[in-house]
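What follows is the content of coords-v5.pdb (PDB, C-alpha atoms).
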ATOM      1  CA  MET A  15       4.271   7.550   7.855
ATOM      2  CA  ASN A  16       4.735   8.578   4.217
ATOM      3  CA  LEU A  17       2.341   6.577   2.011
ATOM      4  CA  LEU A  18       1.383   6.416  -1.639
ATOM      5  CA  ALA A  19      -2.036   4.816  -2.161
ATOM      6  CA  ASP A  20      -2.709   3.305  -5.564
ATOM      7  CA  GLU A  21      -6.077   3.868  -7.257
ATOM      8  CA  SER A  22      -7.146   0.378  -6.184
ATOM      9  CA  VAL A  23      -7.258   1.496  -2.534
ATOM     10  CA  ASP A  24     -10.709   2.534  -1.320
ATOM     11  CA  ARG A  25     -11.108   6.247  -0.618
ATOM     12  CA  GLN A  26     -12.383   5.428   2.903
ATOM     13  CA  ILE A  27      -9.057   3.755   3.675
ATOM     14  CA  VAL A  28      -7.122   6.794   2.429
ATOM     15  CA  GLU A  29      -9.262   9.129   4.530
ATOM     16  CA  ARG A  30      -8.770   7.016   7.659
ATOM     17  CA  LEU A  31      -5.013   6.817   7.159
ATOM     18  CA  ARG A  32      -4.914  10.596   6.887
ATOM     19  CA  GLN A  33      -6.976  10.858  10.084
ATOM     20  CA  ASP A  34      -4.446   8.531  11.729
ATOM     21  CA  GLY A  35      -1.753  11.113  10.935
ATOM     22  CA  HIS A  36      -0.163   9.517   7.873
ATOM     23  CA  ASP A  37       0.924  11.629   4.910
ATOM     24  CA  VAL A  38      -0.983   9.957   2.055
ATOM     25  CA  LEU A  39      -0.581  10.789  -1.619
ATOM     26  CA  TYR A  40      -3.567   9.206  -3.410
ATOM     27  CA  VAL A  41      -3.029   8.410  -7.085
ATOM     28  CA  ALA A  42      -6.761   8.757  -7.812
ATOM     29  CA  GLU A  43      -6.593  12.386  -6.686
ATOM     30  CA  VAL A  44      -3.356  13.489  -8.315
ATOM     31  CA  GLU A  45      -2.605  11.322 -11.376
ATOM     32  CA  PRO A  46      -5.519   9.019 -12.204
ATOM     33  CA  SER A  47      -4.884   6.184 -14.662
ATOM     34  CA  ILE A  48      -1.072   6.310 -14.568
ATOM     35  CA  SER A  49       0.757   3.066 -15.270
ATOM     36  CA  ASP A  50       2.013   0.748 -12.550
ATOM     37  CA  ASN A  51       5.598   1.641 -13.436
ATOM     38  CA  ILE A  52       4.887   5.332 -12.920
ATOM     39  CA  VAL A  53       3.213   4.504  -9.593
ATOM     40  CA  PHE A  54       6.470   2.803  -8.549
ATOM     41  CA  ASP A  55       8.417   5.860  -9.738
ATOM     42  CA  ARG A  56       6.219   8.180  -7.649
ATOM     43  CA  ALA A  57       6.583   5.969  -4.569
ATOM     44  CA  ASN A  58      10.368   5.973  -4.979
ATOM     45  CA  GLU A  59      10.502   9.741  -5.532
ATOM     46  CA  LYS A  60       8.723  10.232  -2.222
ATOM     47  CA  SER A  61      10.396   7.271  -0.418
ATOM     48  CA  ALA A  62       6.831   6.221   0.318
ATOM     49  CA  LEU A  63       5.315   2.928   1.348
ATOM     50  CA  LEU A  64       3.154   1.891  -1.618
ATOM     51  CA  VAL A  65      -0.287   0.644  -0.555
ATOM     52  CA  THR A  66      -2.262  -1.208  -3.232
ATOM     53  CA  GLY A  67      -5.018  -3.712  -3.818
ATOM     54  CA  ASP A  68      -3.624  -4.618  -7.245
ATOM     55  CA  LYS A  69      -1.911  -8.032  -7.395
ATOM     56  CA  ASP A  70       0.057  -6.890 -10.445
ATOM     57  CA  PHE A  71       2.376  -5.011  -8.088
ATOM     58  CA  GLY A  72       3.419  -8.303  -6.498
ATOM     59  CA  GLU A  73       4.324  -9.653  -9.899
ATOM     60  CA  ILE A  74       6.323  -6.530 -10.690
ATOM     61  CA  VAL A  75       8.211  -6.714  -7.391
ATOM     62  CA  PHE A  76       9.285 -10.313  -7.855
ATOM     63  CA  ARG A  77       9.325 -10.805 -11.635
ATOM     64  CA  ASP A  78      10.923  -7.469 -12.511
ATOM     65  CA  ASN A  79      12.977  -7.224  -9.326
ATOM     66  CA  ARG A  80      11.426  -3.850  -8.519
ATOM     67  CA  LEU A  81      10.478  -2.638  -5.057
ATOM     68  CA  SER A  82       9.452   0.791  -3.857
ATOM     69  CA  SER A  83      12.157   2.133  -1.552
ATOM     70  CA  GLY A  84       9.476   2.483   1.123
ATOM     71  CA  GLY A  85       8.119  -1.033   0.548
ATOM     72  CA  VAL A  86       4.849  -2.373  -0.840
ATOM     73  CA  VAL A  87       1.728  -3.428   1.063
ATOM     74  CA  LEU A  88      -0.782  -5.492  -0.906
ATOM     75  CA  LEU A  89      -4.300  -5.396   0.535
ATOM     76  CA  ARG A  90      -6.266  -8.637   0.078
ATOM     77  CA  LEU A  91      -9.599  -7.539   1.530
ATOM     78  CA  VAL A  92     -12.098  -8.426  -1.201
ATOM     79  CA  GLY A  93     -15.642  -8.997  -0.016
ATOM     80  CA  LEU A  94     -15.317  -7.107   3.260
ATOM     81  CA  SER A  95     -17.335  -4.044   4.171
ATOM     82  CA  ALA A  96     -15.651  -0.670   3.782
ATOM     83  CA  GLU A  97     -15.672  -0.251   7.562
ATOM     84  CA  LYS A  98     -13.911  -3.588   8.124
ATOM     85  CA  LYS A  99     -11.287  -2.812   5.454
ATOM     86  CA  VAL A 100     -10.580   0.560   7.082
ATOM     87  CA  GLU A 101     -10.218  -1.064  10.505
ATOM     88  CA  ILE A 102      -7.849  -3.788   9.263
ATOM     89  CA  VAL A 103      -5.566  -1.418   7.320
ATOM     90  CA  SER A 104      -5.428   1.188  10.083
ATOM     91  CA  GLU A 105      -4.541  -1.432  12.687
ATOM     92  CA  ALA A 106      -1.955  -3.081  10.416
ATOM     93  CA  LEU A 107      -0.120   0.203   9.939
ATOM     94  CA  GLN A 108      -0.294   1.057  13.627
ATOM     95  CA  THR A 109       1.100  -2.295  14.740
ATOM     96  CA  HIS A 110       3.437  -3.239  11.869
ATOM     97  CA  GLY A 111       4.138   0.001   9.977
ATOM     98  CA  ALA A 112       7.862   0.059  10.730
ATOM     99  CA  GLU A 113       8.204  -3.566   9.607
ATOM    100  CA  PHE A 114       6.746  -2.794   6.159
ATOM    101  CA  ALA A 115       9.674  -0.589   5.095
ATOM    102  CA  ASN A 116      11.674  -2.038   2.198
ATOM    103  CA  ARG A 117       9.600  -5.223   2.217
ATOM    104  CA  PHE A 118       6.713  -6.742   0.307
ATOM    105  CA  SER A 119       3.810  -7.333   2.679
ATOM    106  CA  VAL A 120       0.311  -8.724   2.350
ATOM    107  CA  VAL A 121      -2.512  -7.654   4.641
ATOM    108  CA  ALA A 122      -5.526  -9.975   4.735
ATOM    109  CA  PRO A 123      -8.254 -10.577   7.310
ATOM    110  CA  GLY A 124      -6.581 -12.073  10.374
ATOM    111  CA  ARG A 125      -3.191 -12.322   8.688
ATOM    112  CA  ILE A 126      -0.224 -10.138   7.856
ATOM    113  CA  ARG A 127       2.674 -11.558   5.874
ATOM    114  CA  ILE A 128       5.882  -9.539   5.686
ATOM    115  CA  ARG A 129       8.489 -10.741   3.252
ATOM    116  CA  GLU A 130      11.903  -9.410   2.402
ATOM    117  CA  LYS A 131      12.565  -9.308  -1.297
ATOM    118  CA  GLU A 132      15.166 -11.888  -2.177
TER     119      GLU A 132
END
Written as structure tokens, that's how I'd like the structure from this file.
Amino acid sequence: MNLLADESVDRQIVERLRQDGHDVLYVAEVEPSISDNIVFDRANEKSALLVTGDKDFGEIVFRDNRLSSGGVVLLRLVGLSAEKKVEIVSEALQTHGAEFANRFSVVAPGRIRIREKE
């Protein structure tokens, strides 16, 4: 799967997703500190699923009517160990990856919410 990971995504998650066979462009490695709008532009240029831990992206999707062509996955995993976060994200993409396309989704411990943008 083609992914763009925002800077808010832990490096361990990015590394695991790469190990799982996903093509992951990591903003922290290629364009640190770019604006959220540019992150959306990069995701659209690559038709990538945008993976982020930044709630601002949810506001942008619904307030500004903007969605990455690949979809957006918001990770709500605060307070968990790095190992647990990695496990949850890897499993979510393995089991629901195809469902995330062109949708706004939230991945939290024990819960995945997939929502079509209205």
Range 106-119 of chain A environment, 7 Å, all atoms listed in the file, sequence neighbours closer than 2 positions dropped, as a ChimeraX atom specification: /A:63,83-88,102-104,121,127-131
Report as a PDB file with C-alpha atoms, in the frame of the given file all protein, DNA and RNA residues lying within 12 Å of Glu97 in chain A, evaluated on all atoms listed in the file, omitting residues in the same chain fewer than 2 positions from it.
ATOM      1  CA  ASP A  24     -10.709   2.534  -1.320  1.00  0.00           C
ATOM      2  CA  ARG A  25     -11.108   6.247  -0.618  1.00  0.00           C
ATOM      3  CA  GLN A  26     -12.383   5.428   2.903  1.00  0.00           C
ATOM      4  CA  ILE A  27      -9.057   3.755   3.675  1.00  0.00           C
ATOM      5  CA  GLU A  29      -9.262   9.129   4.530  1.00  0.00           C
ATOM      6  CA  ARG A  30      -8.770   7.016   7.659  1.00  0.00           C
ATOM      7  CA  LEU A  91      -9.599  -7.539   1.530  1.00  0.00           C
ATOM      8  CA  GLY A  93     -15.642  -8.997  -0.016  1.00  0.00           C
ATOM      9  CA  LEU A  94     -15.317  -7.107   3.260  1.00  0.00           C
ATOM     10  CA  SER A  95     -17.335  -4.044   4.171  1.00  0.00           C
ATOM     11  CA  LYS A  99     -11.287  -2.812   5.454  1.00  0.00           C
ATOM     12  CA  VAL A 100     -10.580   0.560   7.082  1.00  0.00           C
ATOM     13  CA  GLU A 101     -10.218  -1.064  10.505  1.00  0.00           C
ATOM     14  CA  ILE A 102      -7.849  -3.788   9.263  1.00  0.00           C
ATOM     15  CA  VAL A 103      -5.566  -1.418   7.320  1.00  0.00           C
ATOM     16  CA  SER A 104      -5.428   1.188  10.083  1.00  0.00           C
TER      17      SER A 104
END
For range 45-50 of chain A: contacts at 8 Å, all atoms listed in the file, fewer than 4 positions along chain excluded, given as a list of chain:residue names: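 Within the cut-off, the hits are A:Glu21, A:Val41, A:Phe54, A:Phe71.
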Distance criterion (only C-alpha atoms): nearest to Leu18 in chain A out of A:Arg80, A:Arg56, A:Leu39, A:Val92: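 Distance minimum relative to Leu18 in chain A lands on A:Leu39.
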Å distance separating CA of Val38 in chain A from CA of Met15 in chain A, one decimal place: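 Pair CA of Val38 in chain A / CA of Met15 in chain A returns 8.2 Å.
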Between CA of Asp55 in chain A and CA of Pro123 in chain A, distance in Å (one decimal):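 Distance between the two atoms: 29.0 Å.
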Two-atom distance - CA of Asp70 in chain A, CA of Asn16 in chain A (Å): 21.8 Å
Nearest residue to Ala62 in chain A from the set A:Lys98, A:Arg125, A:Arg90, A:His36 (distances using all atoms listed in the file): A:His36
Pick from A:Ser22, A:Ile126, A:Ala57, A:Val44 nearest to Lys69 in chain A, counting all atoms listed in the file: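 Comparing A:Ser22, A:Ile126, A:Ala57, A:Val44 against Lys69 in chain A, the winner is A:Ser22.
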Using all atoms listed in the file: which of A:Leu81, A:Phe76, A:Val65, A:Gln33 has the shortest distance to Asn51 in chain A: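 Among the listed residues, the smallest separation from Asn51 in chain A belongs to A:Leu81.
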